[in-house]
file data_37.cif (mmCIF, C-alpha atoms)
data_my_file
loop_
_atom_site.group_PDB
_atom_site.id
_atom_site.type_symbol
_atom_site.label_atom_id
_atom_site.label_comp_id
_atom_site.auth_asym_id
_atom_site.auth_seq_id
_atom_site.Cartn_x
_atom_site.Cartn_y
_atom_site.Cartn_z
ATOM 1 C CA MET A 1 -22.393 10.832 -38.602
ATOM 2 C CA LYS A 2 -21.463 11.930 -42.128
ATOM 3 C CA LYS A 3 -21.562 15.671 -42.745
ATOM 4 C CA ASN A 4 -24.020 15.326 -45.645
ATOM 5 C CA ILE A 5 -26.411 13.357 -43.431
ATOM 6 C CA ILE A 6 -26.193 15.937 -40.658
ATOM 7 C CA ASN A 7 -26.857 18.759 -43.113
ATOM 8 C CA PHE A 8 -29.870 17.016 -44.639
ATOM 9 C CA LEU A 9 -31.425 16.091 -41.300
ATOM 10 C CA LYS A 10 -30.848 19.551 -39.880
ATOM 11 C CA LYS A 11 -31.542 21.822 -42.853
ATOM 12 C CA GLU A 12 -34.110 19.878 -44.869
ATOM 13 C CA MET A 13 -35.957 17.899 -42.180
ATOM 14 C CA CYS A 14 -35.460 20.313 -39.239
ATOM 15 C CA ILE A 15 -34.330 17.419 -37.017
ATOM 16 C CA ASP A 16 -32.312 18.214 -33.910
ATOM 17 C CA THR A 17 -29.179 16.196 -34.728
ATOM 18 C CA ASN A 18 -27.612 16.797 -31.301
ATOM 19 C CA HIS A 19 -30.672 15.256 -29.671
ATOM 20 C CA LEU A 20 -30.525 12.358 -32.129
ATOM 21 C CA MET A 21 -26.838 11.684 -31.503
ATOM 22 C CA ASP A 22 -27.281 11.837 -27.727
ATOM 23 C CA LYS A 23 -29.793 9.014 -28.027
ATOM 24 C CA LEU A 24 -27.653 6.995 -30.438
ATOM 25 C CA ASN A 25 -24.682 7.332 -28.070
ATOM 26 C CA SER A 26 -26.610 6.106 -25.036
ATOM 27 C CA ILE A 27 -25.422 2.901 -23.375
ATOM 28 C CA LYS A 28 -28.372 0.795 -24.548
ATOM 29 C CA ILE A 29 -28.202 1.915 -28.169
ATOM 30 C CA ILE A 30 -24.577 2.621 -29.072
ATOM 31 C CA LYS A 31 -23.950 -1.025 -30.019
ATOM 32 C CA TYR A 32 -26.426 -0.558 -32.881
ATOM 33 C CA LYS A 33 -25.458 3.022 -33.732
ATOM 34 C CA GLU A 34 -23.712 2.246 -37.024
ATOM 35 C CA SER A 35 -26.562 0.024 -38.222
ATOM 36 C CA ILE A 36 -29.072 2.777 -37.507
ATOM 37 C CA LEU A 37 -26.931 5.427 -39.200
ATOM 38 C CA SER A 38 -26.500 3.155 -42.212
ATOM 39 C CA GLN A 39 -30.263 2.899 -42.672
ATOM 40 C CA ILE A 40 -30.645 6.673 -42.243
ATOM 41 C CA ASP A 41 -28.008 7.154 -44.942
ATOM 42 C CA CYS A 42 -29.908 4.847 -47.314
ATOM 43 C CA TYR A 43 -33.199 6.650 -46.624
ATOM 44 C CA ILE A 44 -31.665 10.032 -47.401
ATOM 45 C CA GLN A 45 -30.181 8.733 -50.643
ATOM 46 C CA ILE A 46 -33.652 7.609 -51.717
ATOM 47 C CA ILE A 47 -35.256 10.937 -50.778
ATOM 48 C CA THR A 48 -32.618 13.032 -52.525
ATOM 49 C CA HIS A 49 -32.297 10.936 -55.680
ATOM 50 C CA ASP A 50 -35.683 9.251 -56.135
ATOM 51 C CA TYR A 51 -38.097 11.131 -53.899
ATOM 52 C CA LYS A 52 -41.149 10.153 -55.968
ATOM 53 C CA ASN A 53 -40.650 6.490 -55.091
ATOM 54 C CA CYS A 54 -41.196 6.535 -51.329
ATOM 55 C CA LYS A 55 -42.019 2.814 -51.359
ATOM 56 C CA LYS A 56 -38.303 2.132 -51.620
ATOM 57 C CA ILE A 57 -37.949 3.268 -48.006
ATOM 58 C CA ASN A 58 -40.046 0.320 -46.866
ATOM 59 C CA LYS A 59 -38.112 -2.047 -49.110
ATOM 60 C CA ILE A 60 -34.731 -1.256 -47.551
ATOM 61 C CA TYR A 61 -36.027 -1.268 -43.978
ATOM 62 C CA LYS A 62 -34.158 -3.999 -42.095
ATOM 63 C CA LYS A 63 -35.078 -5.256 -38.661
ATOM 64 C CA LEU A 64 -32.382 -6.252 -36.195
ATOM 65 C CA GLU A 65 -32.398 -8.897 -33.477
ATOM 66 C CA ASN A 66 -33.228 -6.382 -30.728
ATOM 67 C CA GLU A 67 -36.907 -5.418 -30.517
ATOM 68 C CA ASP A 68 -36.206 -2.153 -28.683
ATOM 69 C CA ILE A 69 -33.847 -1.114 -31.478
ATOM 70 C CA ASN A 70 -36.465 -2.099 -34.051
ATOM 71 C CA LYS A 71 -38.853 0.374 -32.429
ATOM 72 C CA ILE A 72 -36.242 3.083 -32.963
ATOM 73 C CA LEU A 73 -35.688 2.036 -36.565
ATOM 74 C CA ASP A 74 -39.424 1.991 -37.191
ATOM 75 C CA SER A 75 -39.806 5.518 -35.799
ATOM 76 C CA ILE A 76 -37.024 6.775 -38.050
ATOM 77 C CA ARG A 77 -38.563 4.995 -41.048
ATOM 78 C CA HIS A 78 -41.936 6.585 -40.238
ATOM 79 C CA ALA A 79 -40.329 10.040 -40.121
ATOM 80 C CA MET A 80 -38.562 9.499 -43.432
ATOM 81 C CA LEU A 81 -41.750 8.309 -45.128
ATOM 82 C CA ALA A 82 -43.722 11.281 -43.818
ATOM 83 C CA PHE A 83 -41.110 13.706 -45.119
ATOM 84 C CA CYS A 84 -40.801 11.901 -48.448
ATOM 85 C CA GLU A 85 -44.563 11.982 -48.972
ATOM 86 C CA GLY A 86 -45.217 15.596 -48.009
ATOM 87 C CA GLY A 87 -42.163 17.532 -46.898
ATOM 88 C CA ILE A 88 -41.593 19.199 -43.548
ATOM 89 C CA CYS A 89 -45.282 20.057 -43.034
ATOM 90 C CA ASN A 90 -46.278 16.413 -43.391
ATOM 91 C CA LEU A 91 -43.400 15.333 -41.163
ATOM 92 C CA TRP A 92 -44.516 17.687 -38.396
ATOM 93 C CA VAL A 93 -48.211 16.851 -38.605
ATOM 94 C CA HIS A 94 -47.637 13.076 -38.531
ATOM 95 C CA GLN A 95 -44.852 12.910 -35.971
ATOM 96 C CA GLU A 96 -45.325 10.426 -33.138
ATOM 97 C CA ASN A 97 -44.566 12.075 -29.822
ATOM 98 C CA GLN A 98 -45.276 9.032 -27.666
ATOM 99 C CA GLY A 99 -42.334 6.903 -28.753
ATOM 100 C CA TRP A 100 -38.695 7.186 -29.766
ATOM 101 C CA TYR A 101 -38.904 9.767 -32.517
ATOM 102 C CA PRO A 102 -36.555 12.370 -34.019
ATOM 103 C CA LYS A 103 -36.996 15.769 -32.361
ATOM 104 C CA ILE A 104 -38.220 18.313 -34.908
ATOM 105 C CA VAL A 105 -37.409 21.989 -34.411
ATOM 106 C CA ILE A 106 -39.099 24.492 -36.733
ATOM 107 C CA THR A 107 -37.285 27.805 -37.223
ATOM 108 C CA GLU A 108 -39.081 29.314 -40.214
ATOM 109 C CA THR A 109 -42.522 29.368 -41.823
ATOM 110 C CA ILE A 110 -43.619 26.095 -43.395
ATOM 111 C CA GLU A 111 -46.152 25.655 -46.189
ATOM 112 C CA PRO A 112 -49.021 25.222 -46.724
ATOM 113 C CA ASN A 113 -50.499 27.179 -43.832
ATOM 114 C CA ASP A 114 -53.442 29.387 -42.815
ATOM 115 C CA ILE A 115 -51.452 32.008 -40.888
ATOM 116 C CA ASP A 116 -53.042 34.903 -42.820
ATOM 117 C CA SER A 117 -56.423 34.041 -41.296
ATOM 118 C CA LEU A 118 -55.163 34.810 -37.775
ATOM 119 C CA PRO A 119 -55.385 38.184 -36.004
ATOM 120 C CA ASN A 120 -52.181 40.123 -35.350
ATOM 121 C CA GLU A 121 -52.136 38.940 -31.729
ATOM 122 C CA VAL A 122 -53.204 35.372 -30.968
ATOM 123 C CA THR A 123 -54.225 33.675 -27.713
ATOM 124 C CA ILE A 124 -52.978 30.087 -27.707
ATOM 125 C CA PHE A 125 -53.155 27.065 -25.393
ATOM 126 C CA ARG A 126 -50.939 24.072 -24.629
ATOM 127 C CA GLY A 127 -51.616 20.919 -22.625
ATOM 128 C CA CYS A 128 -48.437 19.896 -20.841
ATOM 129 C CA ASP A 129 -46.675 18.907 -17.631
ATOM 130 C CA ILE A 130 -46.381 21.602 -14.975
ATOM 131 C CA SER A 131 -42.589 21.363 -15.289
ATOM 132 C CA GLU A 132 -42.838 23.203 -18.625
ATOM 133 C CA LYS A 133 -44.536 26.146 -16.937
ATOM 134 C CA ASN A 134 -42.062 26.168 -14.050
ATOM 135 C CA SER A 135 -39.013 26.061 -16.321
ATOM 136 C CA HIS A 136 -40.531 28.116 -19.172
ATOM 137 C CA LYS A 137 -39.161 25.484 -21.554
ATOM 138 C CA PHE A 138 -42.256 25.010 -23.681
ATOM 139 C CA GLY A 139 -42.689 22.882 -26.770
ATOM 140 C CA GLN A 140 -43.519 24.489 -30.111
ATOM 141 C CA ALA A 141 -46.930 22.891 -30.589
ATOM 142 C CA TRP A 142 -49.878 24.945 -29.332
ATOM 143 C CA SER A 143 -53.514 25.380 -30.351
ATOM 144 C CA ILE A 144 -55.969 28.245 -30.587
ATOM 145 C CA SER A 145 -58.509 25.814 -29.080
ATOM 146 C CA PRO A 146 -58.523 25.281 -25.290
ATOM 147 C CA ASP A 147 -60.551 22.091 -25.835
ATOM 148 C CA CYS A 148 -57.739 20.666 -27.962
ATOM 149 C CA ALA A 149 -55.175 21.622 -25.315
ATOM 150 C CA GLN A 150 -57.268 19.851 -22.673
ATOM 151 C CA LYS A 151 -57.156 16.634 -24.688
ATOM 152 C CA PHE A 152 -53.375 16.792 -24.848
ATOM 153 C CA ALA A 153 -53.156 17.655 -21.177
ATOM 154 C CA TYR A 154 -55.436 14.987 -19.738
ATOM 155 C CA HIS A 155 -56.172 12.273 -22.294
ATOM 156 C CA HIS A 156 -53.737 11.719 -25.201
ATOM 157 C CA TYR A 157 -50.821 10.412 -23.123
ATOM 158 C CA ILE A 158 -52.727 8.740 -20.317
ATOM 159 C CA ASN A 159 -51.231 5.294 -21.068
ATOM 160 C CA GLU A 160 -47.631 6.496 -20.931
ATOM 161 C CA ASP A 161 -45.552 5.490 -17.908
ATOM 162 C CA TRP A 162 -44.568 9.090 -17.189
ATOM 163 C CA PHE A 163 -48.151 10.409 -17.158
ATOM 164 C CA LYS A 164 -49.300 11.857 -13.809
ATOM 165 C CA HIS A 165 -52.738 13.463 -13.607
ATOM 166 C CA ASP A 166 -51.820 15.864 -10.820
ATOM 167 C CA LYS A 167 -48.915 17.272 -12.864
ATOM 168 C CA ARG A 168 -50.941 17.997 -15.996
ATOM 169 C CA ILE A 169 -52.098 21.528 -16.816
ATOM 170 C CA VAL A 170 -53.297 23.727 -19.660
ATOM 171 C CA VAL A 171 -51.187 26.837 -20.239
ATOM 172 C CA GLN A 172 -52.446 29.987 -21.931
ATOM 173 C CA ALA A 173 -50.177 32.487 -23.689
ATOM 174 C CA LYS A 174 -50.217 35.179 -26.331
ATOM 175 C CA ILE A 175 -48.036 35.558 -29.403
ATOM 176 C CA LYS A 176 -47.803 37.897 -32.376
ATOM 177 C CA LYS A 177 -48.815 36.438 -35.732
ATOM 178 C CA GLU A 178 -45.363 37.260 -37.119
ATOM 179 C CA ASN A 179 -43.851 34.764 -34.666
ATOM 180 C CA ILE A 180 -45.996 31.831 -35.788
ATOM 181 C CA TYR A 181 -44.374 29.362 -38.193
ATOM 182 C CA TYR A 182 -47.473 27.320 -39.020
ATOM 183 C CA PHE A 183 -51.214 27.313 -38.447
ATOM 184 C CA SER A 184 -53.852 24.942 -39.773
ATOM 185 C CA ASP A 185 -57.521 25.903 -39.648
ATOM 186 C CA GLN A 186 -58.656 22.346 -40.441
ATOM 187 C CA SER A 187 -60.037 21.688 -36.978
ATOM 188 C CA ASP A 188 -61.105 18.075 -37.517
ATOM 189 C CA GLN A 189 -57.800 16.921 -38.956
ATOM 190 C CA TYR A 190 -55.122 19.131 -37.446
ATOM 191 C CA GLU A 191 -56.876 20.524 -34.345
ATOM 192 C CA LYS A 192 -56.184 24.186 -35.158
ATOM 193 C CA GLU A 193 -52.546 23.738 -34.287
ATOM 194 C CA VAL A 194 -49.975 26.506 -34.264
ATOM 195 C CA ILE A 195 -46.201 26.106 -34.301
ATOM 196 C CA VAL A 196 -44.550 29.015 -32.543
ATOM 197 C CA ASP A 197 -41.239 30.618 -31.696
ATOM 198 C CA GLN A 198 -41.369 29.877 -27.967
ATOM 199 C CA SER A 199 -39.002 32.737 -27.142
ATOM 200 C CA LYS A 200 -41.676 35.204 -28.308
ATOM 201 C CA LEU A 201 -44.485 34.028 -26.005
ATOM 202 C CA PHE A 202 -45.895 36.565 -23.523
ATOM 203 C CA ASP A 203 -48.666 36.856 -20.902
ATOM 204 C CA ILE A 204 -48.054 33.207 -19.995
ATOM 205 C CA LYS A 205 -50.301 31.782 -17.273
ATOM 206 C CA ILE A 206 -52.013 28.616 -16.136
ATOM 207 C CA TYR A 207 -55.394 28.353 -17.820
ATOM 208 C CA GLU A 208 -56.509 25.211 -15.981
ATOM 209 C CA THR A 209 -55.187 22.452 -13.719
ATOM 210 C CA TYR A 210 -56.366 18.850 -13.705
ATOM 211 C CA GLY A 211 -58.249 19.437 -10.450
ATOM 212 C CA GLU A 212 -60.093 22.423 -11.912
ATOM 213 C CA HIS A 213 -60.862 20.411 -15.022
ATOM 214 C CA MET A 214 -62.433 17.604 -12.983
ATOM 215 C CA ASN A 215 -64.386 20.017 -10.797
ATOM 216 C CA GLU A 216 -66.112 21.339 -13.881
ATOM 217 C CA LYS A 217 -67.571 17.920 -14.626
#

call {"tool": "encode", "arguments": {"input": "data_37.cif", "output": "structure tokens"}}
result
Amino acid sequence: MKKNIINFLKKEMCIDTNHLMDKLNSIKIIKYKESILSQIDCYIQIITHDYKNCKKINKIYKKLENEDINKILDSIRHAMLAFCEGGICNLWVHQENQGWYPKIVITETIEPNDIDSLPNEVTIFRGCDISEKNSHKFGQAWSISPDCAQKFAYHHYINEDWFKHDKRIVVQAKIKKENIYYFSDQSDQYEKEVIVDQSKLFDIKIYETYGEHMNEK
């Protein structure tokens, strides 16, 4: 991958380029690696030189003969459009976690946000697989709403092949406001989401298991 592409993906879009390259170098994909990188290069040229004309991204999108690869290309195109239309905040909010999608890693505060409306210490919740709790390798996306976390734990991914009800939990943790990179108070649209520095979480515990959730009904 060209150095300028790596720098743009990493610094401007907060994409984990190591994660991206690992996928592109996999046995099933490597045959199409250069074609995918070529389209990424074209997208970045549009964003950096003519960012107001995001429609050009759709115009240069080229499908290949392999449908699985087209799903990858479509995910990358979606990410580029989201970033082009609203920067890193828009890219994060509209990312698609179900499919093949660039991994986004936030390391600093993104705008706009509602962080100032939070207390100095915040209780947050995350719906996830129990393996996250066991390994303490949590994702960055949490919520101040346990109801939202329950939806992510038990409902949002129910049609995915990897989904197993008995492995799904809601985790509760605390974090200082200074270690939150983003918070949206627009509950209907963004579900009171917080993006956190996972290394700064404390008082981590299981808030609810799937069995407990069902027993409440």

call {"tool": "atom_distance", "arguments": {"input": "data_37.cif", "atom1": "atom CA of Gln172 of chain A", "atom2": "atom CA of Leu91 of chain A"}}
result
25.8 Å

call {"tool": "closest_residue", "arguments": {"input": "data_37.cif", "among": "A:Ala173, A:Cys89, A:Val105, A:Val194", "to": "Leu118 of chain A", "atoms": "only C-alpha atoms"}}
result
A:Val194

call {"tool": "resolve_selection", "arguments": {"input": "data_37.cif", "expression": "the PyMOL selection byres ((chain A and resi 146-153) around 6)", "output": "list in words"}}
result
Phe125, Arg126, Gly127, Cys128, Ser145, Tyr154, His155, His156, Arg168 and Ile169 of chain A

call {"tool": "write_last_selection", "arguments": {"input": "data_37.cif", "atoms": "C-alpha atoms", "output": "PDB file, in the frame of the given file"}}
result
ATOM      1  CA  PHE A 125     -53.155  27.065 -25.393  1.00  0.00           C
ATOM      2  CA  ARG A 126     -50.939  24.072 -24.629  1.00  0.00           C
ATOM      3  CA  GLY A 127     -51.616  20.919 -22.625  1.00  0.00           C
ATOM      4  CA  CYS A 128     -48.437  19.896 -20.841  1.00  0.00           C
ATOM      5  CA  SER A 145     -58.509  25.814 -29.080  1.00  0.00           C
ATOM      6  CA  TYR A 154     -55.436  14.987 -19.738  1.00  0.00           C
ATOM      7  CA  HIS A 155     -56.172  12.273 -22.294  1.00  0.00           C
ATOM      8  CA  HIS A 156     -53.737  11.719 -25.201  1.00  0.00           C
ATOM      9  CA  ARG A 168     -50.941  17.997 -15.996  1.00  0.00           C
ATOM     10  CA  ILE A 169     -52.098  21.528 -16.816  1.00  0.00           C
TER      11      ILE A 169
END

call {"tool": "resolve_selection", "arguments": {"input": "data_37.cif", "expression": "the PyMOL selection byres ((chain A and resi 199-201) around 7)", "output": "ChimeraX atom specification"}}
result
/A:173-175,179,197-198,202

call {"tool": "atom_distance", "arguments": {"input": "data_37.cif", "atom1": "atom CA of Glu12 of chain A", "atom2": "atom CA of Met80 of chain A"}}
result
11.4 Å

call {"tool": "residues_around", "arguments": {"input": "data_37.cif", "residues": "Val93 of chain A", "least_positions_apart": "6", "cutoff": "12 Å", "atoms": "all atoms listed in the file", "output": "VMD selection string"}}
result
chain A and resid 79 82 to 83 86 to 87 104 110 to 113 141 182 to 184 186 189 to 195

call {"tool": "closest_residue", "arguments": {"input": "data_37.cif", "among": "A:Ile124, A:Ile15, A:Ile206, A:Met214", "to": "Trp92 of chain A", "atoms": "all atoms listed in the file"}}
result
A:Ile15

call {"tool": "atom_distance", "arguments": {"input": "data_37.cif", "atom1": "atom CA of Ile5 of chain A", "atom2": "atom CA of Ile180 of chain A"}}
result
28.0 Å
